[in-house]
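A quick write-up on the structure given underneath.
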Amino acid sequence: MQKPKILLVDDDPDLVRALRLRLRANNYEVTTASDGYAAIATAQKERPALIILDLGLPVGDGFVVLDRLQSMDTLAGVPVIVLSARDPQANEERALRAGASAFFQKPADNDELLNVIRLNIGAGTEPKTAWPS
Amino acid sequence: MDKTTRVLLIEDNPGDADLVRLRLIEGKSPVNVNCVNRLSDGLASLNVETPSVVLLDLNLPDSRGAETFRRVMEHSPHVPIVVLSGQDDEALAAKALHQGVQDYLVKGDISSKHLERAIRYAVERQGLLRALEIAQKTQIDFKNQFLSHVSHELRTPLTCIHQYVTLLLDGLAGAMAPEQTDHLKTVLKSVNQLHAMLRDLLEATRAESGKMRIEPRCIAIGELVQQAVAMLRPTAEEKKIGLEIGMDQRLPLVLADPDRVLEVLINLVDNAIKFTPAEGSIMVRANLVEADAGYVYISVSDTGRGISPEAKTLIFERLYQDADSIDNNRSGLGLGLFICREIVRLHEGRIWVTSEPGEGSTFTFTLPIYSLAKLLAPVIVHEERLRPALVLVRVELAPLSNPPQGNWKETWQQGLETLRRCVYLDKDLVLPPMGASGATETLFVVASTDLQRSGVMTTRTRELLERVPDLKNKCKITITTVPVELPSGKPGETLEQQVQNVASCVTEMILTSRERKLSHAGKVARETKSKRSTNNKEN
């Protein structure tokens, strides 16, 4: 079975590395982008099942990306989870209005994040449990 | 720049007015005098133009004494005032200085040099004061902006640490020795503490700059107390501290933001645990107080070492740290109680502490009771009597997935809006949304109809709700109808009492319906929990 593909957009390479590891461990395929422009280009090319999006990005911030995604027939239906350090009071409502399906403030709880991913695109083929035996 | 001093002279005695005017004109600097003889005319003139200074007689036809300068100051807080007093009210004029008036002169004792200098100094001092105020405000704004920026910037590296620590702990970067796991758990604990501090910092900054918001709903405070206690019970048990709840049997619903109130409760109980020695006990109470009928009192008492009288007055201030607690390895920025106070203040409640050193402390806060009777009266009273039949319609919106998909709040609020369009404005009432326990949202309508005829209404309601695509796709809609038992009006009972009885009856019905739901939810939670612990054992 094909693993569901997630596009991870964040300009912090260290965080990207760690999140990629975690997502892969949960049996998702991960592709990444580190700015707004690359996010759109990669999304078009890779057709991810879901996008995890930071808001503060170079070359087109997260809101620009959300707007662009919504305007494209092929990508408008892809669920977007916003994962940002910004204040939810000022940004959550706006992100959800712009088409995001969930908003998490960094640092986010891993279980909650994975849970929302699962709800949107189903589990990766066989999720690993938290504690190895 | 125009160097002319513009004087507004408010003086009703023509002789005094002329004299002052003469002294002003005699002076060296150019001056422009506008003289009025009533306070109301003076205030009207202040509306039109702002003078350099107001010369003010305190006893005018339309105002006397301290009232006079207070009203001018209230009207134009930034205009300097020099009081013109007679010999007989010099004491009052002197008192005025303490309340913000710049200077006073005793009439009959005024030389032009004297007057000129008094005016110049008054203008200068007022200018400095204003500059200071502006500087202070700019400083606070800057500090708040800075703090909000800092708490945002600190989140980025903190997120990274959190992510890598959990990676290691979850065994995603290879197996770890038990000791290593132990150490990492300590790191994670510190990361979580840091995270909590950042949250508090942002919250306090918001409170100080007036940006904190609450969304009051109609909530059962008992549920929140139980929730907070359940969350903190493990921490209390770790320290062998008893944590009990004592509540009045039937508490009225309160109008409050459930998330925020939970925050206050958690903060107070958590503090109590921190300051109570092992084997101590903590009691959370919620009750009514006869002398203060509009509020529910919620209190947290501990058997800790208590709070000194000096600390009692300061404890709710921003950044206050009890000197004794610092060596106690206590974490926190001293913002918790400040945030609590701001949240309670936004609810128009009060918060305070009573304590005897060595005997423990009790923190109490109040929340306004939600008065159903007041809302119900216009709907259920018709032609000076109660309507013949009432039903309570319960609309349950249960999301199909847990957690709900998308913006659940927006979804159920669409339901609420739709519901409001389904009812007759003069006969039916959609109650304010209830605090939700879990994601399921329950909305209530009190409708003036009997059970038989309510069928038409529920069918129509269901149809309209299902027409909202968001609701249809995302949740299960359950509508149930129960007749409200109308109290048989005892002889001599006023209409007001009858409405009150109906309100109590409806409150009772809502609470019962929610309790059933709650005990069910509690059962599910227990089941999941026990399942989880079995899983752990298997691993």
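Starting from 1 in every chain, residues are counted up; chains themselves are A, B, ... following the order of the structure tokens, and ligands are numbered from 1 as listed.
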
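Every chain B residue lying within 8 Å of chain A, based on only C-alpha atoms, is listed here: His152, Glu153, Arg155, Thr156, Leu158, Thr159, Cys160, His162, Gln163, Tyr164, Leu167, Asp170, Gly171, Leu172, Ala175, His195, Ser401, Pro403, Gln405, Gly406, Asn407 and Asn539 of chain B.
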
Contacts of stretch 74-80 of chain B at 10 Å (only C-alpha atoms; same-chain gap of 3+ positions) as a count of residues only: 28

Which of chain A fall in strand (DSSP E), as an MDAnalysis selection string: chainID A and resid 5:9 29:33 50:53 80:84 102:105

Now that the selection is made, can you save its residues with N, CA and C atoms as a compact mmCIF listing (two decimals), in the first residue's frame?
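Generated file (result_13.txt):
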```txt
# COMPACT_ATOMS: atom_id res chain seq x y z
N LYS A 5 1.38 10.83 1.59
CA LYS A 5 2.50 11.77 1.53
C LYS A 5 2.17 13.10 2.20
N ILE A 6 3.09 13.57 3.03
CA ILE A 6 2.88 14.85 3.73
C ILE A 6 3.93 15.85 3.27
N LEU A 7 3.48 17.06 2.93
CA LEU A 7 4.43 18.14 2.62
C LEU A 7 4.63 18.97 3.88
N LEU A 8 5.89 19.06 4.33
CA LEU A 8 6.21 19.77 5.56
C LEU A 8 6.90 21.08 5.18
N VAL A 9 6.27 22.21 5.52
CA VAL A 9 6.83 23.51 5.14
C VAL A 9 7.27 24.28 6.38
N GLU A 29 5.03 9.27 4.15
CA GLU A 29 6.13 9.71 3.31
C GLU A 29 6.22 11.23 3.47
N VAL A 30 7.43 11.76 3.56
CA VAL A 30 7.55 13.19 3.84
C VAL A 30 8.36 13.89 2.77
N THR A 31 7.82 15.03 2.30
CA THR A 31 8.57 15.87 1.40
C THR A 31 8.59 17.26 2.03
N THR A 32 9.63 18.06 1.78
CA THR A 32 9.73 19.31 2.53
C THR A 32 9.95 20.52 1.62
N ALA A 33 9.66 21.71 2.20
CA ALA A 33 9.95 22.97 1.53
C ALA A 33 10.25 24.00 2.61
N LEU A 50 -1.50 15.83 2.47
CA LEU A 50 -1.72 16.82 3.54
C LEU A 50 -0.49 17.73 3.61
N ILE A 51 -0.73 18.97 4.06
CA ILE A 51 0.38 19.92 4.18
C ILE A 51 0.47 20.43 5.61
N ILE A 52 1.67 20.41 6.19
CA ILE A 52 1.91 21.05 7.48
C ILE A 52 2.64 22.34 7.19
N LEU A 53 2.06 23.47 7.63
CA LEU A 53 2.53 24.77 7.16
C LEU A 53 2.88 25.71 8.31
N VAL A 80 -4.73 21.42 5.17
CA VAL A 80 -3.52 22.11 5.63
C VAL A 80 -3.59 22.26 7.14
N ILE A 81 -2.54 21.81 7.83
CA ILE A 81 -2.44 22.02 9.27
C ILE A 81 -1.41 23.11 9.50
N VAL A 82 -1.82 24.21 10.12
CA VAL A 82 -0.87 25.27 10.40
C VAL A 82 -0.15 24.96 11.71
N LEU A 83 1.17 25.05 11.69
CA LEU A 83 1.99 24.80 12.87
C LEU A 83 2.92 25.99 13.01
N SER A 84 2.58 26.89 13.94
CA SER A 84 3.30 28.16 13.99
C SER A 84 3.54 28.59 15.43
N ALA A 102 -6.68 23.03 10.62
CA ALA A 102 -6.37 23.03 12.06
C ALA A 102 -5.22 24.00 12.31
N PHE A 103 -5.14 24.47 13.56
CA PHE A 103 -4.06 25.38 13.94
C PHE A 103 -3.40 24.84 15.20
N PHE A 104 -2.09 24.68 15.16
CA PHE A 104 -1.35 24.28 16.36
C PHE A 104 -0.30 25.34 16.66
N GLN A 105 -0.21 25.71 17.94
CA GLN A 105 0.88 26.62 18.28
C GLN A 105 2.09 25.76 18.69
```

Exercise: stretch 88-93 of chain B partners within 10 Å, only C-alpha atoms, chain neighbours under 6 positions left out, as a ChimeraX atom specification: /B:57-59,65-66,69,82,101,103-107

Those in stretch 65-162 of chain B with alpha helix (DSSP H) from DSSP, as JSON, numbers by chain: {"B": [66, 67, 68, 69, 70, 71, 72, 73, 74, 75, 90, 91, 92, 93, 94, 95, 96, 97, 98, 112, 113, 114, 115, 116, 117, 118, 119, 120, 121, 122, 123, 124, 125, 126, 127, 128, 129, 130, 131, 132, 133, 134, 135, 136, 137, 138, 139, 140, 141, 142, 143, 144, 145, 146, 147, 148, 149, 150, 151, 152, 153, 154, 155, 156, 157, 158, 159, 160, 161, 162]}

Writing out the chosen residues with C-alpha atoms as a PDB file, in the first residue's frame:
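For reference, again.pdb as written:
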```pdb
ATOM      1  CA  ALA B  66     -14.476  71.074  45.033  1.00  0.00           C
ATOM      2  CA  GLU B  67     -17.131  69.989  42.548  1.00  0.00           C
ATOM      3  CA  THR B  68     -16.123  72.933  40.338  1.00  0.00           C
ATOM      4  CA  PHE B  69     -12.488  71.983  39.727  1.00  0.00           C
ATOM      5  CA  ARG B  70     -13.331  68.305  39.575  1.00  0.00           C
ATOM      6  CA  ARG B  71     -15.692  68.914  36.726  1.00  0.00           C
ATOM      7  CA  VAL B  72     -13.194  71.019  34.801  1.00  0.00           C
ATOM      8  CA  MET B  73     -10.485  68.376  35.310  1.00  0.00           C
ATOM      9  CA  GLU B  74     -12.808  65.618  34.246  1.00  0.00           C
ATOM     10  CA  HIS B  75     -13.758  67.559  31.138  1.00  0.00           C
ATOM     11  CA  GLU B  90      -8.220  79.143  50.931  1.00  0.00           C
ATOM     12  CA  ALA B  91      -8.183  75.797  52.761  1.00  0.00           C
ATOM     13  CA  LEU B  92     -10.226  74.213  50.013  1.00  0.00           C
ATOM     14  CA  ALA B  93      -7.980  75.707  47.350  1.00  0.00           C
ATOM     15  CA  ALA B  94      -4.950  74.219  49.096  1.00  0.00           C
ATOM     16  CA  LYS B  95      -6.687  70.842  49.127  1.00  0.00           C
ATOM     17  CA  ALA B  96      -7.308  71.175  45.403  1.00  0.00           C
ATOM     18  CA  LEU B  97      -3.540  71.100  44.853  1.00  0.00           C
ATOM     19  CA  HIS B  98      -3.511  67.498  46.045  1.00  0.00           C
ATOM     20  CA  SER B 112       0.412  91.098  37.755  1.00  0.00           C
ATOM     21  CA  LYS B 113       3.931  89.700  38.204  1.00  0.00           C
ATOM     22  CA  HIS B 114       2.599  87.131  40.619  1.00  0.00           C
ATOM     23  CA  LEU B 115      -0.184  86.143  38.257  1.00  0.00           C
ATOM     24  CA  GLU B 116       2.075  85.946  35.227  1.00  0.00           C
ATOM     25  CA  ARG B 117       4.492  83.668  37.044  1.00  0.00           C
ATOM     26  CA  ALA B 118       1.769  81.428  38.434  1.00  0.00           C
ATOM     27  CA  ILE B 119       0.390  80.940  34.948  1.00  0.00           C
ATOM     28  CA  ARG B 120       3.776  80.266  33.389  1.00  0.00           C
ATOM     29  CA  TYR B 121       4.673  77.659  36.001  1.00  0.00           C
ATOM     30  CA  ALA B 122       1.268  76.034  35.821  1.00  0.00           C
ATOM     31  CA  VAL B 123       1.611  75.641  32.065  1.00  0.00           C
ATOM     32  CA  GLU B 124       5.152  74.269  32.389  1.00  0.00           C
ATOM     33  CA  ARG B 125       4.296  71.783  35.122  1.00  0.00           C
ATOM     34  CA  GLN B 126       1.221  70.535  33.315  1.00  0.00           C
ATOM     35  CA  GLY B 127       3.306  70.103  30.167  1.00  0.00           C
ATOM     36  CA  LEU B 128       5.884  68.035  32.041  1.00  0.00           C
ATOM     37  CA  LEU B 129       3.197  65.932  33.624  1.00  0.00           C
ATOM     38  CA  ARG B 130       1.657  65.237  30.249  1.00  0.00           C
ATOM     39  CA  ALA B 131       5.026  64.369  28.737  1.00  0.00           C
ATOM     40  CA  LEU B 132       5.644  61.985  31.619  1.00  0.00           C
ATOM     41  CA  GLU B 133       2.280  60.302  31.087  1.00  0.00           C
ATOM     42  CA  ILE B 134       2.964  59.867  27.398  1.00  0.00           C
ATOM     43  CA  ALA B 135       6.447  58.528  28.099  1.00  0.00           C
ATOM     44  CA  GLN B 136       5.062  56.047  30.614  1.00  0.00           C
ATOM     45  CA  LYS B 137       2.442  54.829  28.204  1.00  0.00           C
ATOM     46  CA  THR B 138       4.976  54.502  25.402  1.00  0.00           C
ATOM     47  CA  GLN B 139       7.214  52.568  27.752  1.00  0.00           C
ATOM     48  CA  ILE B 140       4.459  50.154  28.762  1.00  0.00           C
ATOM     49  CA  ASP B 141       3.463  49.662  25.130  1.00  0.00           C
ATOM     50  CA  PHE B 142       7.058  49.048  24.191  1.00  0.00           C
ATOM     51  CA  LYS B 143       7.579  46.621  27.047  1.00  0.00           C
ATOM     52  CA  ASN B 144       4.450  44.681  26.134  1.00  0.00           C
ATOM     53  CA  GLN B 145       5.404  44.526  22.491  1.00  0.00           C
ATOM     54  CA  PHE B 146       8.853  43.402  23.473  1.00  0.00           C
ATOM     55  CA  LEU B 147       7.538  40.678  25.773  1.00  0.00           C
ATOM     56  CA  SER B 148       5.123  39.413  23.188  1.00  0.00           C
ATOM     57  CA  HIS B 149       7.959  39.341  20.645  1.00  0.00           C
ATOM     58  CA  VAL B 150      10.279  37.578  23.077  1.00  0.00           C
ATOM     59  CA  SER B 151       7.764  34.915  23.991  1.00  0.00           C
ATOM     60  CA  HIS B 152       7.239  34.264  20.297  1.00  0.00           C
ATOM     61  CA  GLU B 153      10.952  34.114  19.482  1.00  0.00           C
ATOM     62  CA  LEU B 154      11.690  31.813  22.417  1.00  0.00           C
ATOM     63  CA  ARG B 155       9.122  29.368  21.161  1.00  0.00           C
ATOM     64  CA  THR B 156      11.140  28.512  18.065  1.00  0.00           C
ATOM     65  CA  PRO B 157      14.189  27.011  19.827  1.00  0.00           C
ATOM     66  CA  LEU B 158      11.943  25.583  22.536  1.00  0.00           C
ATOM     67  CA  THR B 159       9.952  23.739  19.880  1.00  0.00           C
ATOM     68  CA  CYS B 160      13.149  22.276  18.538  1.00  0.00           C
ATOM     69  CA  ILE B 161      14.276  21.066  21.957  1.00  0.00           C
ATOM     70  CA  HIS B 162      10.825  19.640  22.642  1.00  0.00           C
TER      71      HIS B 162
END
```

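Using only C-alpha atoms for every distance, the candidate list A:Leu114, A:Val78, A:Ala49, A:Ala95 yields A:Ala95 as the residue closest to A:Gly62.
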
Neighbour list for B:Thr235 as a VMD selection string, cut-off 10 Å, only C-alpha atoms, skip fewer than 5 positions in-chain: chain B and resid 230 240 to 241 270 273 to 274

Those same residues - C-alpha atoms - I'd like them written as a tab-separated table (two decimals), in the first residue's frame.
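Result saved to out-v5.tsv:
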```
chain	number	residue	atom	x	y	z
B	230	ALA	CA	-9.57	15.53	38.36
B	240	LYS	CA	-0.01	12.66	49.66
B	241	ILE	CA	-2.27	15.68	49.86
B	270	ASP	CA	-1.95	24.02	41.68
B	273	ILE	CA	-0.62	21.91	46.18
B	274	LYS	CA	2.72	23.68	45.89
```

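Between atom CA of B:Gly349 and atom CA of B:Ala272 the separation is 20.9 Å.
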
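For the residues B:Leu184, B:Asp257, B:Tyr370, B:Ile110, ranking by smallest atom-to-atom distance to B:Arg217 using only C-alpha atoms places B:Asp257 first.
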
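Of the residues under consideration (B:Asp302, B:Glu410, B:Asp200, B:Glu279), B:Asp200 shows the shortest atom-to-atom contact distance to B:Leu337 when counting only C-alpha atoms.
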
Interatomic distance (Å, one decimal) between atom CA of B:Met197 and atom CA of A:Gly56: 22.5 Å

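Excluding B:Ala17 itself and same-chain residues fewer than 3 positions from it, the residues having an atom within 12 Å of it are Leu8, Leu9, Ile10, Glu11, Asp12, Asn13, Pro14, Val20, Arg21, Leu22, Arg23, Leu24, Val33, Asn34, Cys35, Val36, Asn37, Leu55, Leu56, Asp57, Leu84, Lys107 and Gly108 of chain B, counting only C-alpha atoms.
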